[in-house]
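Next comes input34.txt, a file with compact mmCIF, C-alpha atoms (C1' of nucleotides).
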# COMPACT_ATOMS: atom_id res chain seq x y z
CA MET A 1 10.34 4.27 -6.88
CA LYS A 2 10.35 0.90 -5.11
CA LEU A 3 9.27 -0.02 -1.63
CA ARG A 4 11.75 0.86 1.04
CA GLU A 5 14.27 -1.75 2.04
CA PRO A 6 12.81 -4.07 4.65
CA LEU A 7 10.32 -5.91 2.47
CA GLU A 8 13.04 -6.86 0.11
CA GLU A 9 15.49 -7.78 2.78
CA LEU A 10 13.20 -10.48 4.09
CA ALA A 11 12.71 -11.90 0.64
CA GLU A 12 13.50 -15.28 2.08
CA CYS A 13 9.76 -15.51 1.52
CA SER A 14 8.36 -14.98 -1.91
CA LEU A 15 5.36 -13.33 -0.34
CA SER A 16 7.53 -10.27 0.08
CA ALA A 17 8.47 -10.45 -3.56
CA ALA A 18 4.82 -10.53 -4.54
CA LEU A 19 4.01 -7.64 -2.24
CA GLU A 20 6.87 -5.66 -3.66
CA VAL A 21 4.90 -5.58 -6.89
CA MET A 22 1.28 -5.75 -5.79
CA GLY A 23 1.44 -4.48 -2.23
CA GLU A 24 1.00 -0.82 -2.93
CA ARG A 25 -2.23 1.06 -2.59
CA TRP A 26 -4.32 0.82 -5.76
CA SER A 27 -2.30 -1.89 -7.51
CA PHE A 28 -4.87 -4.58 -6.82
CA LEU A 29 -7.78 -2.36 -7.73
CA ILE A 30 -6.15 -1.48 -11.03
CA LEU A 31 -5.64 -5.18 -11.60
CA ARG A 32 -9.27 -5.88 -10.85
CA ALA A 33 -10.32 -3.18 -13.29
CA SER A 34 -8.08 -4.81 -15.92
CA PHE A 35 -9.70 -8.17 -15.33
CA ASN A 36 -13.02 -6.47 -15.84
CA GLY A 37 -12.09 -5.22 -19.24
CA LEU A 38 -10.77 -1.71 -18.69
CA HIS A 39 -7.78 -0.86 -20.83
CA HIS A 40 -7.21 2.89 -20.88
CA PHE A 41 -5.90 5.54 -18.59
CA GLU A 42 -9.07 7.60 -18.56
CA GLU A 43 -11.19 4.51 -17.94
CA PHE A 44 -9.17 3.58 -14.91
CA GLN A 45 -9.14 7.13 -13.74
CA ALA A 46 -12.88 7.58 -14.04
CA THR A 47 -13.96 4.27 -12.53
CA LEU A 48 -11.45 4.11 -9.71
CA GLY A 49 -11.39 7.79 -8.86
CA ILE A 50 -7.65 7.55 -8.35
CA ALA A 51 -5.45 10.64 -8.67
CA ARG A 52 -3.89 10.93 -12.12
CA ASN A 53 -0.30 11.07 -10.96
CA ILE A 54 -0.71 8.00 -8.80
CA LEU A 55 -2.44 6.16 -11.62
CA ALA A 56 0.38 7.04 -13.99
CA ASN A 57 2.88 5.86 -11.42
CA ARG A 58 1.08 2.56 -10.73
CA LEU A 59 0.49 1.76 -14.37
CA GLY A 60 4.17 2.42 -14.95
CA ARG A 61 5.17 0.06 -12.17
CA LEU A 62 2.78 -2.65 -13.31
CA VAL A 63 4.20 -2.36 -16.81
CA GLN A 64 7.78 -2.45 -15.50
CA HIS A 65 7.00 -5.59 -13.59
CA GLY A 66 5.45 -7.22 -16.63
CA ILE A 67 1.93 -7.40 -15.26
CA LEU A 68 0.44 -5.08 -17.83
CA ALA A 69 1.62 -4.53 -21.39
CA ARG A 70 1.49 -0.99 -22.72
CA THR A 71 0.68 -0.50 -26.41
CA PRO A 72 -0.33 2.66 -28.23
CA MET A 73 -3.37 1.83 -30.35
CA PRO A 74 -2.46 1.68 -34.05
CA ASP A 75 -5.55 3.59 -35.25
CA ASP A 76 -5.28 6.42 -32.73
CA ARG A 77 -1.86 6.66 -31.24
CA ARG A 78 -2.94 8.99 -28.46
CA LYS A 79 -4.73 6.06 -26.92
CA ILE A 80 -2.62 3.65 -24.95
CA GLU A 81 -3.86 0.19 -24.27
CA TYR A 82 -2.95 -1.55 -21.04
CA ARG A 83 -3.53 -5.26 -21.27
CA LEU A 84 -2.88 -8.05 -18.80
CA THR A 85 0.07 -10.27 -19.56
CA GLN A 86 0.19 -13.95 -18.68
CA LYS A 87 2.01 -13.00 -15.50
CA GLY A 88 -0.72 -10.52 -14.71
CA SER A 89 -3.61 -12.87 -15.33
CA GLU A 90 -2.04 -15.42 -13.05
CA LEU A 91 -2.81 -13.06 -10.21
CA LEU A 92 -6.46 -13.94 -10.63
CA PRO A 93 -6.51 -16.59 -7.90
CA SER A 94 -4.97 -14.16 -5.42
CA MET A 95 -7.44 -11.51 -6.38
CA LEU A 96 -10.40 -13.86 -6.08
CA ALA A 97 -9.29 -15.30 -2.78
CA LEU A 98 -9.00 -11.83 -1.35
CA ARG A 99 -12.32 -10.81 -2.80
CA GLN A 100 -14.09 -13.89 -1.47
CA TRP A 101 -12.67 -13.27 1.95
CA GLY A 102 -13.93 -9.70 1.75
CA GLU A 103 -17.36 -10.91 0.77
CA LYS A 104 -17.56 -13.29 3.66
CA TRP A 105 -16.01 -11.19 6.39
CA GLU A 106 -16.27 -7.58 5.42
CA SER A 107 -18.80 -6.48 2.86
CA GLY A 108 -21.26 -9.29 3.48
CA PHE A 109 -22.61 -9.26 -0.05
CA PRO A 110 -21.43 -10.93 -3.28
CA SER A 111 -19.43 -8.75 -5.64
CA THR A 112 -20.31 -8.12 -9.26
CA PRO A 113 -19.32 -9.22 -11.78
CA VAL A 114 -19.09 -12.85 -10.89
CA LEU A 115 -16.65 -15.28 -12.48
CA VAL A 116 -18.27 -18.27 -14.17
CA ASP A 117 -17.21 -21.39 -16.00
CA ALA A 118 -17.51 -20.52 -19.70
CA ARG A 119 -18.91 -23.98 -20.49
CA ASP A 120 -22.02 -23.85 -18.35
CA ASN A 121 -22.12 -20.29 -17.00
CA GLN A 122 -22.06 -21.58 -13.45
CA PRO A 123 -20.15 -19.60 -10.83
CA ILE A 124 -16.79 -20.99 -9.88
CA ARG A 125 -16.19 -22.79 -6.65
CA ARG A 126 -14.80 -20.94 -3.66
CA ILE A 127 -10.99 -20.79 -3.68
CA ALA A 128 -9.65 -23.33 -1.20
CA ILE A 129 -6.64 -25.35 -0.22
CA HIS A 130 -6.39 -28.85 -1.69
CA SER A 131 -4.21 -31.82 -0.90
CA HIS A 132 -1.97 -33.21 -3.63
CA ASP A 133 -4.72 -35.77 -4.36
CA GLY A 134 -7.47 -33.21 -4.51
CA ARG A 135 -9.22 -33.31 -1.14
CA GLU A 136 -10.19 -29.94 0.24
CA LEU A 137 -8.16 -29.30 3.37
CA PRO A 138 -9.53 -27.31 6.30
CA TYR A 139 -7.14 -25.23 8.35
CA ASN A 140 -6.76 -27.80 11.12
CA GLU A 141 -5.56 -30.52 8.74
CA LEU A 142 -2.59 -28.50 7.63
CA LEU A 143 0.96 -28.41 8.87
CA TRP A 144 3.98 -26.27 8.13
CA MET A 145 7.16 -28.15 7.33
CA HIS A 146 10.65 -27.21 6.29
CA THR A 147 11.12 -27.83 2.60
CA GLU A 148 13.98 -30.22 3.15
CA ASP A 149 11.94 -32.46 5.46
CA VAL A 150 9.29 -33.11 2.83
CA LYS A 151 9.67 -36.60 1.35
CA PRO A 152 8.15 -37.06 -2.07
CA LEU A 153 5.71 -39.94 -2.65
CA GLY A 154 7.11 -42.02 -5.52
CA GLN A 155 4.44 -41.32 -8.12
CA THR A 156 3.77 -37.66 -7.56
CA THR A 157 7.31 -36.48 -7.15
CA VAL A 158 7.89 -33.03 -5.79
CA GLN A 159 10.72 -31.98 -8.00
CA LEU A 160 12.05 -29.50 -5.44
CA VAL A 161 13.90 -32.22 -3.61
CA SER A 162 15.05 -34.21 -6.58
CA LYS A 163 18.07 -32.01 -7.17
CA ALA A 164 19.39 -32.40 -3.62
CA ALA A 165 19.00 -36.22 -3.66
CA MET B 1 -6.32 5.62 11.14
CA LYS B 2 -8.05 4.17 8.13
CA LEU B 3 -7.21 4.37 4.47
CA ARG B 4 -8.28 7.59 2.86
CA GLU B 5 -11.66 7.72 1.24
CA PRO B 6 -11.49 6.33 -2.29
CA LEU B 7 -10.99 2.68 -1.46
CA GLU B 8 -14.09 2.67 0.67
CA GLU B 9 -16.17 4.67 -1.71
CA LEU B 10 -15.82 2.04 -4.40
CA ALA B 11 -16.77 -0.71 -2.03
CA GLU B 12 -19.20 -1.96 -4.63
CA CYS B 13 -16.46 -4.57 -4.81
CA SER B 14 -15.56 -6.50 -1.72
CA LEU B 15 -11.98 -6.51 -2.88
CA SER B 16 -11.79 -2.94 -1.64
CA ALA B 17 -13.19 -4.05 1.66
CA ALA B 18 -10.50 -6.70 1.97
CA LEU B 19 -7.80 -4.24 1.02
CA GLU B 20 -9.09 -1.78 3.56
CA VAL B 21 -7.97 -4.28 6.18
CA MET B 22 -5.06 -6.10 4.58
CA GLY B 23 -3.88 -3.65 1.95
CA GLU B 24 -1.45 -1.72 4.08
CA ARG B 25 2.23 -2.21 4.05
CA TRP B 26 3.30 -4.95 6.48
CA SER B 27 -0.17 -6.33 7.20
CA PHE B 28 0.34 -9.41 5.07
CA LEU B 29 3.81 -10.02 6.38
CA ILE B 30 2.57 -9.85 9.94
CA LEU B 31 -0.13 -12.29 8.96
CA ARG B 32 2.42 -14.63 7.45
CA ALA B 33 4.48 -14.47 10.62
CA SER B 34 1.36 -15.34 12.61
CA PHE B 35 0.72 -18.35 10.42
CA ASN B 36 4.26 -19.40 11.09
CA GLY B 37 3.78 -19.44 14.80
CA LEU B 38 4.92 -16.03 15.98
CA HIS B 39 2.75 -14.55 18.71
CA HIS B 40 4.54 -11.71 20.43
CA PHE B 41 5.43 -8.13 19.71
CA GLU B 42 9.16 -8.62 20.06
CA GLU B 43 9.08 -11.73 17.88
CA PHE B 44 7.40 -9.88 15.07
CA GLN B 45 9.68 -6.93 15.53
CA ALA B 46 12.83 -9.00 15.43
CA THR B 47 11.93 -11.26 12.52
CA LEU B 48 10.29 -8.67 10.31
CA GLY B 49 12.58 -5.77 11.10
CA ILE B 50 9.57 -3.46 11.14
CA ALA B 51 9.65 -0.18 13.06
CA ARG B 52 8.08 -0.51 16.51
CA ASN B 53 5.54 2.23 16.07
CA ILE B 54 4.31 0.81 12.80
CA LEU B 55 4.16 -2.67 14.26
CA ALA B 56 2.10 -1.40 17.20
CA ASN B 57 -0.19 0.39 14.79
CA ARG B 58 -0.65 -2.62 12.49
CA LEU B 59 -1.21 -5.07 15.31
CA GLY B 60 -3.81 -2.67 16.66
CA ARG B 61 -5.59 -2.51 13.34
CA LEU B 62 -5.50 -6.25 12.84
CA VAL B 63 -6.97 -6.69 16.30
CA GLN B 64 -9.65 -4.05 15.65
CA HIS B 65 -10.62 -5.84 12.49
CA GLY B 66 -10.83 -9.16 14.28
CA ILE B 67 -7.97 -10.81 12.44
CA LEU B 68 -5.80 -11.23 15.48
CA ALA B 69 -6.92 -11.68 19.07
CA ARG B 70 -4.91 -9.91 21.75
CA THR B 71 -4.52 -11.64 25.12
CA PRO B 72 -2.10 -10.88 27.95
CA MET B 73 -0.52 -14.17 29.03
CA PRO B 74 -1.87 -15.31 32.41
CA ASP B 75 1.51 -16.39 33.79
CA ASP B 76 3.40 -13.24 32.75
CA ARG B 77 1.08 -10.38 32.05
CA ARG B 78 3.73 -8.26 30.40
CA LYS B 79 3.56 -10.69 27.52
CA ILE B 80 0.77 -10.18 25.09
CA GLU B 81 -0.23 -12.98 22.83
CA TYR B 82 -1.50 -12.24 19.34
CA ARG B 83 -3.32 -15.19 17.90
CA LEU B 84 -5.12 -15.64 14.61
CA THR B 85 -8.88 -15.70 14.80
CA GLN B 86 -11.04 -17.77 12.47
CA LYS B 87 -11.42 -14.70 10.31
CA GLY B 88 -7.67 -14.29 10.24
CA SER B 89 -6.90 -17.89 9.38
CA GLU B 90 -9.31 -17.74 6.49
CA LEU B 91 -6.87 -15.39 4.83
CA LEU B 92 -4.58 -18.36 4.29
CA PRO B 93 -5.72 -19.05 0.72
CA SER B 94 -5.12 -15.42 -0.24
CA MET B 95 -1.73 -15.49 1.35
CA LEU B 96 -0.75 -18.73 -0.33
CA ALA B 97 -2.00 -17.66 -3.73
CA LEU B 98 0.07 -14.52 -3.50
CA ARG B 99 3.08 -16.43 -2.29
CA GLN B 100 2.81 -19.03 -5.02
CA TRP B 101 2.58 -16.30 -7.61
CA GLY B 102 5.68 -14.71 -6.11
CA GLU B 103 7.50 -18.03 -6.26
CA LYS B 104 6.67 -18.53 -9.89
CA TRP B 105 7.13 -15.01 -11.22
CA GLU B 106 9.35 -13.12 -8.85
CA SER B 107 11.62 -14.98 -6.48
CA GLY B 108 11.93 -18.11 -8.59
CA PHE B 109 12.50 -20.38 -5.61
CA PRO B 110 10.07 -22.17 -3.26
CA SER B 111 9.47 -20.50 0.08
CA THR B 112 10.03 -22.13 3.43
CA PRO B 113 8.20 -23.34 5.38
CA VAL B 114 5.97 -25.30 3.10
CA LEU B 115 2.36 -26.15 3.84
CA VAL B 116 1.58 -29.87 3.88
CA ASP B 117 -1.40 -32.12 4.38
CA ALA B 118 -1.19 -33.27 8.01
CA ARG B 119 -2.26 -36.80 7.06
CA ASP B 120 0.57 -37.67 4.73
CA ASN B 121 2.99 -34.75 4.97
CA GLN B 122 2.68 -34.09 1.27
CA PRO B 123 2.77 -30.50 0.05
CA ILE B 124 -0.57 -29.03 -0.89
CA ARG B 125 -1.64 -28.51 -4.45
CA ARG B 126 -1.17 -25.17 -6.12
CA ILE B 127 -4.09 -22.80 -5.49
CA ALA B 128 -6.29 -22.68 -8.57
CA ILE B 129 -9.73 -21.85 -9.84
CA HIS B 130 -12.23 -24.70 -9.95
CA SER B 131 -15.62 -25.07 -11.57
CA HIS B 132 -18.62 -25.83 -9.37
CA ASP B 133 -18.11 -29.52 -10.19
CA GLY B 134 -14.43 -29.51 -9.40
CA ARG B 135 -12.62 -29.21 -12.72
CA GLU B 136 -9.61 -26.92 -12.70
CA LEU B 137 -10.34 -23.96 -14.94
CA PRO B 138 -7.62 -22.20 -16.92
CA TYR B 139 -7.96 -18.48 -17.53
CA ASN B 140 -9.38 -18.84 -21.03
CA GLU B 141 -12.30 -20.97 -19.86
CA LEU B 142 -13.60 -18.27 -17.59
CA LEU B 143 -16.14 -15.56 -18.13
CA TRP B 144 -17.35 -12.59 -16.12
CA MET B 145 -21.10 -12.29 -15.72
CA HIS B 146 -23.43 -9.98 -13.88
CA THR B 147 -24.73 -11.67 -10.76
CA GLU B 148 -28.33 -11.34 -11.83
CA ASP B 149 -27.72 -13.13 -15.14
CA VAL B 150 -26.43 -16.27 -13.46
CA LYS B 151 -29.04 -19.03 -13.51
CA PRO B 152 -28.62 -21.67 -10.84
CA LEU B 153 -28.55 -25.33 -11.84
CA GLY B 154 -31.34 -27.01 -9.85
CA GLN B 155 -29.18 -29.24 -7.63
CA THR B 156 -26.41 -26.89 -6.66
CA THR B 157 -28.42 -23.75 -6.05
CA VAL B 158 -26.56 -20.48 -5.85
CA GLN B 159 -28.46 -18.84 -3.05
CA LEU B 160 -27.57 -15.34 -4.25
CA VAL B 161 -30.40 -15.31 -6.71
CA SER B 162 -33.00 -17.05 -4.60
CA LYS B 163 -34.02 -13.85 -2.86
CA ALA B 164 -34.65 -11.94 -6.06
CA ALA B 165 -36.80 -14.74 -7.54
C1' DG C 1 -2.15 24.43 -42.40
C1' DG C 2 -3.90 26.58 -38.15
C1' DT C 3 -7.09 26.01 -34.48
C1' DT C 4 -9.58 23.15 -31.45
C1' DG C 5 -9.99 18.73 -28.84
C1' DC C 6 -8.70 15.06 -26.23
C1' DA C 7 -5.77 11.07 -24.16
C1' DA C 8 -2.12 10.48 -21.38
C1' DG C 9 0.75 12.02 -18.69
C1' DT C 10 3.74 15.94 -15.30
C1' DT C 11 4.39 19.32 -11.91
C1' DG C 12 3.80 21.79 -7.52
C1' DC C 13 2.27 21.95 -3.27
C1' DA C 14 -0.38 20.47 1.12
C1' DA C 15 -1.61 16.61 3.94
C1' DC C 16 -0.58 12.28 5.47
C1' DT C 17 2.24 7.95 6.56
C1' DA C 18 6.46 5.33 7.41
C1' DG C 19 10.98 4.76 9.68
C1' DA C 20 14.71 5.11 13.32
C1' DA C 21 15.82 5.88 17.83
C1' DA C 22 15.01 7.39 22.29
C1' DC C 23 11.60 7.35 25.99
C1' DT C 24 7.57 5.47 29.02
C1' DT C 25 4.77 2.15 31.51
C1' DA C 26 3.49 -2.10 33.58
C1' DT C 27 4.95 -6.16 35.23
C1' DA C 28 8.41 -9.52 36.80
C1' DA C 29 12.87 -11.29 38.73
C1' DT C 30 16.66 -10.68 42.35
C1' DA D 1 14.30 -1.32 46.38
C1' DT D 2 16.76 -2.20 42.05
C1' DT D 3 17.26 -3.86 37.76
C1' DA D 4 15.34 -6.17 33.64
C1' DT D 5 11.99 -6.98 30.13
C1' DA D 6 7.65 -6.77 27.04
C1' DA D 7 5.00 -3.74 24.84
C1' DG D 8 4.14 0.11 23.51
C1' DT D 9 4.69 6.00 22.68
C1' DT D 10 6.90 10.02 21.25
C1' DT D 11 9.61 12.83 18.39
C1' DC D 12 11.45 14.15 14.44
C1' DT D 13 12.81 13.33 9.56
C1' DA D 14 11.97 11.52 5.09
C1' DG D 15 9.09 9.64 1.75
C1' DT D 16 4.23 8.95 -0.32
C1' DT D 17 -0.45 10.27 -1.58
C1' DG D 18 -3.89 13.34 -3.31
C1' DC D 19 -5.65 17.13 -5.75
C1' DA D 20 -5.73 20.58 -9.23
C1' DA D 21 -3.66 22.86 -12.73
C1' DC D 22 -0.46 22.45 -16.52
C1' DT D 23 2.08 20.15 -20.64
C1' DT D 24 2.61 17.17 -24.72
C1' DG D 25 1.52 14.44 -28.72
C1' DC D 26 -1.46 13.12 -31.83
C1' DA D 27 -6.16 13.66 -34.45
C1' DA D 28 -9.98 16.08 -36.38
C1' DC D 29 -12.10 19.90 -38.46
C1' DC D 30 -12.67 23.93 -41.14

Structure re-expressed in structure tokens:
Amino acid sequence: MKLREPLEELAECSLSAALEVMGERWSFLILRASFNGLHHFEEFQATLGIARNILANRLGRLVQHGILARTPMPDDRRKIEYRLTQKGSELLPSMLALRQWGEKWESGFPSTPVLVDARDNQPIRRIAIHSHDGRELPYNELLWMHTEDVKPLGQTTVQLVSKAA
Amino acid sequence: MKLREPLEELAECSLSAALEVMGERWSFLILRASFNGLHHFEEFQATLGIARNILANRLGRLVQHGILARTPMPDDRRKIEYRLTQKGSELLPSMLALRQWGEKWESGFPSTPVLVDARDNQPIRRIAIHSHDGRELPYNELLWMHTEDVKPLGQTTVQLVSKAA
DNA sequence: GGTTGCAAGTTGCAACTAGAAACTTATAAT
DNA sequence: ATTATAAGTTTCTAGTTGCAACTTGCAACC
């Protein structure tokens, strides 16, 4: 019931690990539906139009991986509630980044619903890459480095290296 | 050669549109390899361990969708170079967000190589959600709203609504 | 307390997709 | 010409998805 070997093998990169969980067809759309307040099997089934067996399978996997929590409702125990865990809700930036990219390059129009700051109801800023001191970094001001060559800057220590030192 | 119907059907959300392109097995890993400087078929094949037919298929799709550009090298025309387009490089935030999530919740260790600010070689900040005025917003300070209910704030107009007004 | 109803799954089967390994094609090196 | 190499194709097997019909566990109703 898990992805075939190679993705795991290369798990030198945690991207593979993330894809192991979220990289299957429908997983992200189920997640999106969860963010939008759907909680039950039949709701997912009806709004996504996904086959029931696949939905059952994906919900099961998402629960196994701790992204959704499965609870039978106390008042009607036929109904099962699927709710995002902390781990699950932390996929929101990934989901948004993907969605924003889709808006810009594929669909061309803004998606609904839109995520806003609860304080002033203003839409959030576009997801972007920021330097440690908060500047927004365009692609051409970025560099890939090996972890061990990164020297921390006194104040804002990158605790990755501190163990090796 | 495209995903079966349902994903497209629901393209009310541009997430589906993004997944249509990037949601297949291997697509994101090929993208990651591109970001890390791989450009040729045999390089991808060797480092990812992907089957050749699938690799050919995925590269083809990524090229079709304008994420990679395919150019035979002028000095040795057997060699084909696959290079990220603008559209492709703008998937970096999505890729990083996913990778960071994987680091935190799945693999547990930081991935190599690490992305740094070219000016000071310091690692970038974690991808997060920001308000229009730049505050970092935790999950519980966010709200979903219908696009048409969002009222722009004079100065920072959200041009989505301007057409309807 | 037996029948009907409904939510959440399972099962069975057809169609499609991925993987491994051998084969082809175009170009280049000797 | 002959051999080598990059980038694919082909073939064949195994695994996955999708649909539709079926089961199961609880709830409601009479």

- With all atoms listed in the file as the basis for distance, which of B:Ala128, B:Val114, B:Ala69, B:Leu96 is at the shortest distance from Phe28 in chain B? B:Leu96

- Message: Show me, as number ranges by chain, the residues that have an atom within 12 Å of range 23-30 of chain C when counting only C-alpha atoms (C1' of nucleotides), minus same-chain residues fewer than 3 positions from it.
- Response: B: 72-80; D: 1-11

- Within 12 Å of DG9 in chain C, counting only C-alpha atoms (C1' of nucleotides), which residues show up once you throw out same-chain ones fewer than 5 positions away? Write them as a ChimeraX atom specification, please. /A:41-42,51-57,59-60,78-80 /D:22-25

Hey, can I get the axis-aligned box for range 19-28 of chain D? All listed atoms, 4 Å padding on each side, centre and edge lengths in Å to one decimal, as JSON.
{"center_x": -3.7, "center_y": 18.0, "center_z": -21.1, "size_x": 20.6, "size_y": 17.7, "size_z": 38.6}

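What separates CA of Asn121 in chain B from CA of Leu143 in chain A is a distance of 7.7 Å.
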
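One finds CA of His132 in chain A at 5.2 Å from CA of Ile124 in chain B.
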
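Surrounding residues of (-4.6, 22.1, 2.2) at most 12 Å away are DC13, DA14, DA15 and DC16 of chain C; DG18, DC19 and DA20 of chain D (based on all atoms listed in the file).
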